[in-house]
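Source file: final35.csv. Holds: CSV, C-alpha atoms.
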```
chain,number,residue,atom,x,y,z
A,1,MET,CA,-33.6,4.5,14.8
A,2,SER,CA,-33.6,6.2,11.4
A,3,ALA,CA,-30.7,5.8,9.0
A,4,PRO,CA,-28.3,8.7,8.9
A,5,THR,CA,-28.9,11.5,6.4
A,6,THR,CA,-26.9,11.6,3.2
A,7,ASP,CA,-24.9,14.6,4.3
A,8,ALA,CA,-24.1,13.1,7.7
A,9,THR,CA,-22.9,9.9,6.0
A,10,HIS,CA,-20.7,11.8,3.6
A,11,ARG,CA,-19.5,14.0,6.5
A,12,ARG,CA,-18.2,10.9,8.2
A,13,LEU,CA,-16.6,9.9,5.0
A,14,LEU,CA,-14.8,13.2,4.9
A,15,GLU,CA,-13.6,12.6,8.4
A,16,ARG,CA,-12.3,9.2,7.4
A,17,TRP,CA,-10.5,10.9,4.5
A,18,GLU,CA,-8.8,13.2,7.0
A,19,LEU,CA,-7.5,10.3,8.9
A,20,GLN,CA,-6.1,8.4,6.0
A,21,GLN,CA,-4.5,11.6,4.5
A,22,ALA,CA,-2.8,12.3,7.8
A,23,ALA,CA,-1.2,8.9,7.6
A,24,TYR,CA,0.5,10.0,4.3
A,25,VAL,CA,1.2,13.6,5.2
A,26,ALA,CA,2.9,14.1,8.6
A,27,HIS,CA,1.9,17.3,10.3
A,28,ARG,CA,-0.9,17.8,7.7
A,29,GLU,CA,-2.9,20.1,10.0
A,30,ASN,CA,0.1,22.4,10.3
A,31,ARG,CA,-0.2,23.0,6.5
A,32,PHE,CA,-3.7,24.1,6.8
A,33,GLU,CA,-3.1,26.3,9.8
A,34,VAL,CA,-0.4,28.2,7.9
A,35,MET,CA,-2.5,28.6,4.9
A,36,LEU,CA,-5.4,29.9,6.9
A,37,ASP,CA,-3.1,32.3,8.8
A,38,VAL,CA,-1.8,33.7,5.5
A,39,LEU,CA,-5.4,34.2,4.4
A,40,ALA,CA,-6.3,36.0,7.7
A,41,LEU,CA,-3.2,38.2,7.6
A,42,HIS,CA,-3.4,39.0,3.9
A,43,GLY,CA,-7.0,39.2,2.8
A,44,PRO,CA,-10.4,40.5,3.6
A,45,ALA,CA,-12.4,39.4,6.6
A,46,ALA,CA,-14.9,37.7,4.2
A,47,PRO,CA,-12.6,36.1,1.6
A,48,THR,CA,-13.8,34.4,-1.5
A,49,VAL,CA,-11.6,31.3,-2.0
A,50,LEU,CA,-11.1,29.0,-4.9
A,51,ASP,CA,-10.4,25.4,-3.6
A,52,LEU,CA,-8.4,24.0,-6.5
A,53,ALA,CA,-8.6,20.2,-6.9
A,54,CYS,CA,-10.7,20.1,-3.8
A,55,GLY,CA,-11.1,16.4,-3.2
A,56,PRO,CA,-13.9,15.8,-0.7
A,57,GLY,CA,-13.7,19.4,0.6
A,58,SER,CA,-11.0,19.4,3.2
A,59,ILE,CA,-9.8,23.0,2.5
A,60,SER,CA,-13.3,24.5,2.0
A,61,ASP,CA,-14.5,23.0,5.2
A,62,ARG,CA,-11.6,24.6,7.1
A,63,VAL,CA,-11.9,28.0,5.4
A,64,LEU,CA,-15.7,28.1,6.1
A,65,ARG,CA,-15.2,27.2,9.7
A,66,ARG,CA,-12.3,29.7,10.3
A,67,PHE,CA,-14.0,32.6,8.5
A,68,PRO,CA,-17.8,32.8,9.2
A,69,ASP,CA,-18.4,35.2,6.3
A,70,ALA,CA,-16.2,33.4,3.7
A,71,THR,CA,-17.4,31.7,0.6
A,72,THR,CA,-15.7,29.0,-1.4
A,73,VAL,CA,-15.9,27.5,-4.8
A,74,ALA,CA,-14.5,24.0,-4.8
A,75,VAL,CA,-13.5,22.3,-8.1
A,76,ASP,CA,-12.4,18.8,-9.0
A,77,TYR,CA,-12.7,16.3,-11.8
A,78,ASP,CA,-13.2,13.3,-9.6
A,79,PRO,CA,-16.9,12.6,-9.6
A,80,VAL,CA,-16.8,10.5,-6.4
A,81,LEU,CA,-14.9,13.1,-4.4
A,82,THR,CA,-17.0,16.0,-5.7
A,83,ARG,CA,-20.2,14.2,-4.6
A,84,VAL,CA,-18.7,13.7,-1.1
A,85,ALA,CA,-17.7,17.4,-1.1
A,86,GLU,CA,-21.2,18.5,-2.1
A,87,GLU,CA,-22.8,16.5,0.7
A,88,ALA,CA,-20.2,17.0,3.4
A,89,LEU,CA,-20.2,20.8,2.9
A,90,ALA,CA,-24.0,21.1,2.8
A,91,GLY,CA,-24.0,22.2,6.4
A,92,HIS,CA,-22.4,25.4,5.4
A,93,GLY,CA,-25.4,26.3,3.2
A,94,GLY,CA,-24.9,28.5,0.2
A,95,ARG,CA,-21.4,29.5,1.2
A,96,ALA,CA,-19.9,26.5,-0.6
A,97,THR,CA,-20.3,25.7,-4.3
A,98,VAL,CA,-18.8,22.5,-5.8
A,99,LEU,CA,-18.1,22.3,-9.5
A,100,ASP,CA,-16.9,19.6,-11.9
A,101,VAL,CA,-13.8,21.1,-13.5
A,102,ASP,CA,-11.0,19.4,-15.4
A,103,LEU,CA,-7.7,21.2,-14.8
A,104,ALA,CA,-6.1,19.2,-17.6
A,105,ARG,CA,-8.2,21.0,-20.2
A,106,PRO,CA,-7.2,24.5,-21.4
A,107,GLY,CA,-9.8,27.1,-20.5
A,108,TRP,CA,-10.9,25.2,-17.4
A,109,SER,CA,-11.5,28.6,-15.6
A,110,ASP,CA,-14.4,29.3,-18.0
A,111,ALA,CA,-16.5,27.1,-15.7
A,112,LEU,CA,-16.1,29.6,-12.9
A,113,GLY,CA,-18.3,32.1,-14.7
A,114,GLY,CA,-16.0,35.1,-14.2
A,115,ARG,CA,-16.0,34.8,-10.4
A,116,ARG,CA,-13.3,36.9,-8.6
A,117,PHE,CA,-11.2,35.3,-5.9
A,118,ASP,CA,-9.1,36.7,-3.0
A,119,ALA,CA,-7.2,33.5,-2.8
A,120,VAL,CA,-6.7,30.1,-4.4
A,121,LEU,CA,-5.8,27.2,-2.1
A,122,SER,CA,-4.8,23.6,-3.0
A,123,SER,CA,-3.5,20.6,-1.2
A,124,THR,CA,-1.9,17.3,-2.2
A,125,ALA,CA,-3.3,17.4,-5.7
A,126,LEU,CA,-1.4,19.3,-8.3
A,127,HIS,CA,1.4,16.7,-8.4
A,128,TRP,CA,-1.0,14.8,-10.7
A,129,LEU,CA,-0.3,17.3,-13.4
A,130,ALA,CA,2.6,17.0,-15.9
A,131,PRO,CA,5.0,19.9,-15.7
A,132,GLY,CA,3.7,21.5,-18.9
A,133,ARG,CA,0.2,21.2,-17.8
A,134,LEU,CA,1.1,22.6,-14.3
A,135,LEU,CA,2.6,25.7,-16.0
A,136,ALA,CA,-0.6,26.1,-18.0
A,137,VAL,CA,-2.7,25.9,-14.9
A,138,TYR,CA,-0.5,28.6,-13.2
A,139,GLU,CA,-0.7,30.8,-16.3
A,140,GLU,CA,-4.5,30.5,-16.2
A,141,LEU,CA,-4.6,31.4,-12.6
A,142,GLY,CA,-2.3,34.4,-13.4
A,143,ARG,CA,-4.8,35.7,-15.9
A,144,MET,CA,-7.9,35.3,-13.8
A,145,LEU,CA,-6.6,36.6,-10.5
A,146,ALA,CA,-6.5,40.3,-9.6
A,147,PRO,CA,-3.3,41.9,-8.3
A,148,GLY,CA,-2.9,41.1,-4.7
A,149,ALA,CA,-4.7,37.8,-4.7
A,150,VAL,CA,-2.7,34.9,-3.3
A,151,PHE,CA,-2.1,31.3,-4.3
A,152,LEU,CA,-1.1,28.6,-1.7
A,153,ASN,CA,-0.3,25.1,-2.6
A,154,ALA,CA,0.5,22.4,0.0
A,155,ASP,CA,2.1,19.3,-1.3
A,156,HIS,CA,5.0,16.9,-1.2
A,157,LEU,CA,7.6,18.4,-3.5
A,158,ARG,CA,10.1,15.6,-3.6
A,159,PHE,CA,13.8,16.0,-3.5
A,160,ASP,CA,15.6,14.8,-6.7
A,161,ASP,CA,19.1,13.5,-7.4
A,162,ARG,CA,20.6,16.8,-6.3
A,163,ALA,CA,19.7,16.0,-2.7
A,164,PRO,CA,19.9,12.2,-2.3
A,165,THR,CA,20.3,12.2,1.5
A,166,LEU,CA,17.3,14.4,2.1
A,167,ARG,CA,15.3,12.3,-0.3
A,168,GLU,CA,16.2,9.2,1.6
A,169,ILE,CA,15.4,10.8,5.0
A,170,SER,CA,12.0,12.0,3.7
A,171,ALA,CA,11.1,8.6,2.3
A,172,ALA,CA,12.1,6.9,5.6
A,173,HIS,CA,10.0,9.4,7.5
A,174,ASP,CA,7.0,8.7,5.3
A,175,ARG,CA,7.3,5.0,5.8
A,176,ARG,CA,7.5,5.3,9.6
A,177,CYS,CA,4.4,7.6,9.8
A,178,GLN,CA,2.4,5.3,7.6
A,179,ASP,CA,3.4,2.2,9.5
A,180,GLU,CA,2.4,3.8,12.8
A,181,ALA,CA,-0.9,5.0,11.5
A,182,PHE,CA,-2.0,1.8,9.7
A,183,THR,CA,-0.9,-0.3,12.7
A,184,ALA,CA,-3.3,1.9,14.8
A,185,GLY,CA,-6.2,1.1,12.5
A,186,VAL,CA,-6.2,4.2,10.3
A,187,PRO,CA,-7.6,3.4,6.8
A,188,ASP,CA,-5.2,3.4,4.0
A,189,TRP,CA,-5.9,4.8,0.5
A,190,GLN,CA,-7.4,1.6,-0.8
A,191,GLY,CA,-9.4,1.1,2.3
A,192,TRP,CA,-11.0,4.5,2.1
A,193,TRP,CA,-12.0,3.9,-1.5
A,194,ALA,CA,-13.5,0.5,-0.7
A,195,GLU,CA,-15.5,2.1,2.1
A,196,ALA,CA,-16.7,4.9,-0.2
A,197,ALA,CA,-17.8,2.4,-2.9
A,198,GLN,CA,-20.2,0.8,-0.4
A,199,LEU,CA,-22.5,3.9,-0.5
A,200,PRO,CA,-25.0,3.5,-3.3
A,201,ASP,CA,-24.7,7.1,-4.7
A,202,LEU,CA,-20.9,6.8,-4.8
A,203,ALA,CA,-20.8,3.2,-6.2
A,204,GLU,CA,-22.5,4.4,-9.4
A,205,LEU,CA,-19.8,7.0,-9.9
A,206,VAL,CA,-16.8,4.7,-9.5
A,207,ALA,CA,-17.0,3.5,-13.1
A,208,LEU,CA,-17.2,7.1,-14.3
A,209,ARG,CA,-14.1,7.9,-12.2
A,210,GLU,CA,-12.2,5.0,-13.7
A,211,GLN,CA,-13.2,6.1,-17.2
A,212,ARG,CA,-12.1,9.7,-16.6
A,213,PHE,CA,-8.6,8.8,-15.3
A,214,ALA,CA,-7.9,5.7,-17.4
A,215,ASP,CA,-5.4,7.6,-19.6
A,216,ARG,CA,-3.9,9.7,-16.9
A,217,PRO,CA,-1.2,7.9,-15.0
A,218,PRO,CA,0.5,9.5,-12.0
A,219,GLN,CA,3.2,11.9,-13.0
A,220,PRO,CA,6.7,12.3,-11.5
A,221,HIS,CA,6.7,14.9,-8.8
A,222,SER,CA,7.9,18.3,-9.8
A,223,PRO,CA,10.5,19.7,-7.4
A,224,LEU,CA,10.1,22.9,-5.5
A,225,ASP,CA,12.2,25.1,-7.9
A,226,LEU,CA,10.0,24.1,-10.9
A,227,HIS,CA,6.9,25.3,-9.1
A,228,LEU,CA,8.5,28.6,-8.1
A,229,ALA,CA,9.8,29.1,-11.6
A,230,ALA,CA,6.5,28.3,-13.2
A,231,LEU,CA,4.7,30.7,-10.9
A,232,ARG,CA,7.1,33.5,-11.8
A,233,THR,CA,6.7,32.7,-15.5
A,234,ALA,CA,2.9,32.8,-15.0
A,235,GLY,CA,3.2,36.4,-13.9
A,236,PHE,CA,3.0,36.1,-10.1
A,237,ALA,CA,4.9,39.0,-8.5
A,238,GLU,CA,6.2,37.3,-5.4
A,239,VAL,CA,6.8,33.6,-4.8
A,240,GLY,CA,8.3,31.5,-2.0
A,241,THR,CA,7.5,29.1,0.7
A,242,VAL,CA,5.7,29.8,4.0
A,243,TRP,CA,6.2,26.3,5.6
A,244,GLN,CA,8.3,23.3,5.1
A,245,TYR,CA,8.8,19.9,6.8
A,246,LEU,CA,11.3,17.7,5.0
A,247,ASP,CA,9.9,17.5,1.4
A,248,ASP,CA,6.5,18.8,2.4
A,249,HIS,CA,6.0,22.4,1.5
A,250,VAL,CA,3.4,25.2,1.4
A,251,VAL,CA,4.2,27.3,-1.7
A,252,PHE,CA,3.1,30.9,-1.7
A,253,ALA,CA,2.5,33.2,-4.6
A,254,ARG,CA,1.1,36.7,-4.8
A,255,ARG,CA,-0.4,38.0,-8.0
```

Translate the structure described by the file into structure tokens.
Amino acid sequence: MSAPTTDATHRRLLERWELQQAAYVAHRENRFEVMLDVLALHGPAAPTVLDLACGPGSISDRVLRRFPDATTVAVDYDPVLTRVAEEALAGHGGRATVLDVDLARPGWSDALGGRRFDAVLSSTALHWLAPGRLLAVYEELGRMLAPGAVFLNADHLRFDDRAPTLREISAAHDRRCQDEAFTAGVPDWQGWWAEAAQLPDLAELVALREQRFADRPPQPHSPLDLHLAALRTAGFAEVGTVWQYLDDHVVFARR
């Protein structure tokens, strides 16, 4: 029997990513369902979507399956994850483009070559940006998007000292979900990366990944109200939430 093709191997790695992410994000699929419903209800039948900080292509894959005439541009700075995305999304043909883009650098949207987007979607990623950089990203989106375009961001937006009980309940719920998933054999974050590093084409990118993120430690999570205020400051006309489960939100903004 011949060895699986590269895209099939990476497709399986994307599927394994979905499993481990679902352990950390309860009701994760509900996030995506709401985001795609908003896109269907407020957008063209063949939307052009920017998948911001795309990881291995989770959002792009769902958009391209839900909307047969859609196109996506998926951007990320992680060389391992963008390689997985390139291969895992290959089955969608020319409808998916994957680009190496660093959101931490001003002018990152120049890499998009002036493309126009009907929507920008992101999931479990922008919390890596410091508040000042997050505002700068939102401002850059505000400048590049046409009036009517929408932005949707699904992420844990943690409760702070103003809501200690909700913060405690959310943390306990996270622990319970993770314990149940890992006991059932779902890979955790470290396990997924160990599996990815076994693939020759990804192993050679691990060192580059470590180099790129060596001076970028995780940032404290920005609360919901900071995101909403930053989006208003960036010129979005309408902001709010379209879904919430404890501290997990889908933030909406219309340009």

(request) To one decimal in Å, tell me the separation between atom CA of Leu89 of chain A and atom CA of Arg16 of chain A. (result) 14.7 Å

(message) Please determine, counting only C-alpha atoms, which residue among A:Asp51, A:Asp61, A:Asp174, A:Glu139 has the shortest atom-to-atom distance to Asp248 of chain A.
(response) A:Asp174

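Of the listed residues (A:Arg116, A:Arg28, A:His249, A:Arg133), A:Arg116 comes nearest to Thr71 of chain A; the distances count only C-alpha atoms.
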
At most 8 Å is the cut-off: for each residue in segment 8-85 of chain A with any atom that close to an atom of segment 144-160 of chain A, write down the nearest atom pair and the distance in Å rounded to one decimal, counting all atoms listed in the file, chain first then increasing number, as CSV.
```
residue,atom,partner,partner_atom,distance
A:Arg31,CA,A:Ala154,CA,6.6
A:Met35,CA,A:Leu152,CA,6.7
A:Gly43,CA,A:Ala149,CA,8.0
```

(request) Excluding segment 161-164 of chain A and residues on its chain fewer than 3 positions from it, collect all residues at most 12 Å away from it, counting only C-alpha atoms, and give them as a PyMOL selection string. (result) chain A and resi 158+167-171+223+225+246-247

(message) Between A:Gln190, A:Gln198, A:Thr97, A:Thr241, which residue has the minimum interatomic distance to His10 of chain A, considering only C-alpha atoms?
(response) A:Gln198

Counting all atoms listed in the file, what are the residues of segment 129-206 of chain A within 8 Å of segment 76-86 of chain A, and for each of them which pair of atoms is the nearest and at what distance in Å, to one decimal? Sort the table by chain and rising number, as JSON lines.
```
{"residue": "A:Leu202", "atom": "CA", "partner": "A:Val80", "partner_atom": "CA", "distance": 5.7}
{"residue": "A:Leu205", "atom": "CA", "partner": "A:Val80", "partner_atom": "CA", "distance": 5.8}
{"residue": "A:Val206", "atom": "CA", "partner": "A:Val80", "partner_atom": "CA", "distance": 6.6}
```

(request) Calculate how many Å separate atom CA of Glu180 of chain A from atom CA of Ala23 of chain A, rounding to one decimal. (result) 8.1 Å

(request) Go through A:Ala130, A:Ala90, A:Leu141, A:Ala229 one by one, measure the shortest atom-to-atom distance of each to Trp108 of chain A using all atoms listed in the file, and give the residue with the smallest value. (result) A:Leu141

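Rounded to one decimal, atom CA of Thr72 of chain A and atom CA of Arg95 of chain A lie 6.3 Å from each other.
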
(request) Using all atoms listed in the file, collect all residues at a distance of at most 6 Å from (-7.2, 21.8, -10.3) as written in the file, then present them as a VMD selection string. (result) chain A and resid 52 to 53 103

Between segment 111-215 of chain A and segment 230-233 of chain A, at 10 Å or less, what are the per-residue closest atom pairs and their distances in Å? Count all atoms listed in the file, order by chain and rising residue number, and return it as a Markdown table.
```
| residue | atom | partner | partner_atom | distance |
| --- | --- | --- | --- | --- |
| A:Pro131 | CA | A:Ala230 | CA | 8.9 |
| A:Gly132 | CA | A:Ala230 | CA | 9.3 |
| A:Leu134 | CA | A:Ala230 | CA | 7.9 |
| A:Leu135 | CA | A:Ala230 | CA | 5.5 |
| A:Ala136 | CA | A:Ala230 | CA | 8.8 |
| A:Val137 | CA | A:Ala230 | CA | 9.7 |
| A:Tyr138 | CA | A:Leu231 | CA | 6.1 |
| A:Glu139 | CA | A:Leu231 | CA | 7.6 |
| A:Leu141 | CA | A:Leu231 | CA | 9.5 |
| A:Gly142 | CA | A:Leu231 | CA | 8.3 |
| A:Phe151 | CA | A:Leu231 | CA | 9.5 |
```

Leu36 of chain A environment, 10 Å, all atoms listed in the file, sequence neighbours closer than 2 positions dropped, as a PDB file with C-alpha atoms, in the coordinates of the input:
```
ATOM      1  CA  ASN A  30       0.100  22.400  10.300  1.00  0.00           C
ATOM      2  CA  ARG A  31      -0.200  23.000   6.500  1.00  0.00           C
ATOM      3  CA  PHE A  32      -3.700  24.100   6.800  1.00  0.00           C
ATOM      4  CA  GLU A  33      -3.100  26.300   9.800  1.00  0.00           C
ATOM      5  CA  VAL A  34      -0.400  28.200   7.900  1.00  0.00           C
ATOM      6  CA  VAL A  38      -1.800  33.700   5.500  1.00  0.00           C
ATOM      7  CA  LEU A  39      -5.400  34.200   4.400  1.00  0.00           C
ATOM      8  CA  ALA A  40      -6.300  36.000   7.700  1.00  0.00           C
ATOM      9  CA  LEU A  41      -3.200  38.200   7.600  1.00  0.00           C
ATOM     10  CA  HIS A  42      -3.400  39.000   3.900  1.00  0.00           C
ATOM     11  CA  ILE A  59      -9.800  23.000   2.500  1.00  0.00           C
ATOM     12  CA  ARG A  62     -11.600  24.600   7.100  1.00  0.00           C
ATOM     13  CA  VAL A  63     -11.900  28.000   5.400  1.00  0.00           C
ATOM     14  CA  ARG A  66     -12.300  29.700  10.300  1.00  0.00           C
ATOM     15  CA  PHE A  67     -14.000  32.600   8.500  1.00  0.00           C
ATOM     16  CA  LEU A 121      -5.800  27.200  -2.100  1.00  0.00           C
ATOM     17  CA  LEU A 152      -1.100  28.600  -1.700  1.00  0.00           C
TER      18      LEU A 152
END
```

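Within 7 Å of Gln219 of chain A, once all atoms listed in the file are used and residues closer than 4 positions along the same chain are dropped, the contacting residues are His127, Trp128, Leu129 and Ala130 of chain A.
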
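For the set A:Val75, A:Leu13, A:Ala125, A:Val251, the residue with the smallest atom-to-atom gap to Asp100 of chain A is A:Val75, counting only C-alpha atoms.
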
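Here the question is which of A:Ala88, A:Gln21, A:Asp118, A:Ala196 gets nearest to Pro44 of chain A using only C-alpha atoms, and that residue is A:Asp118.
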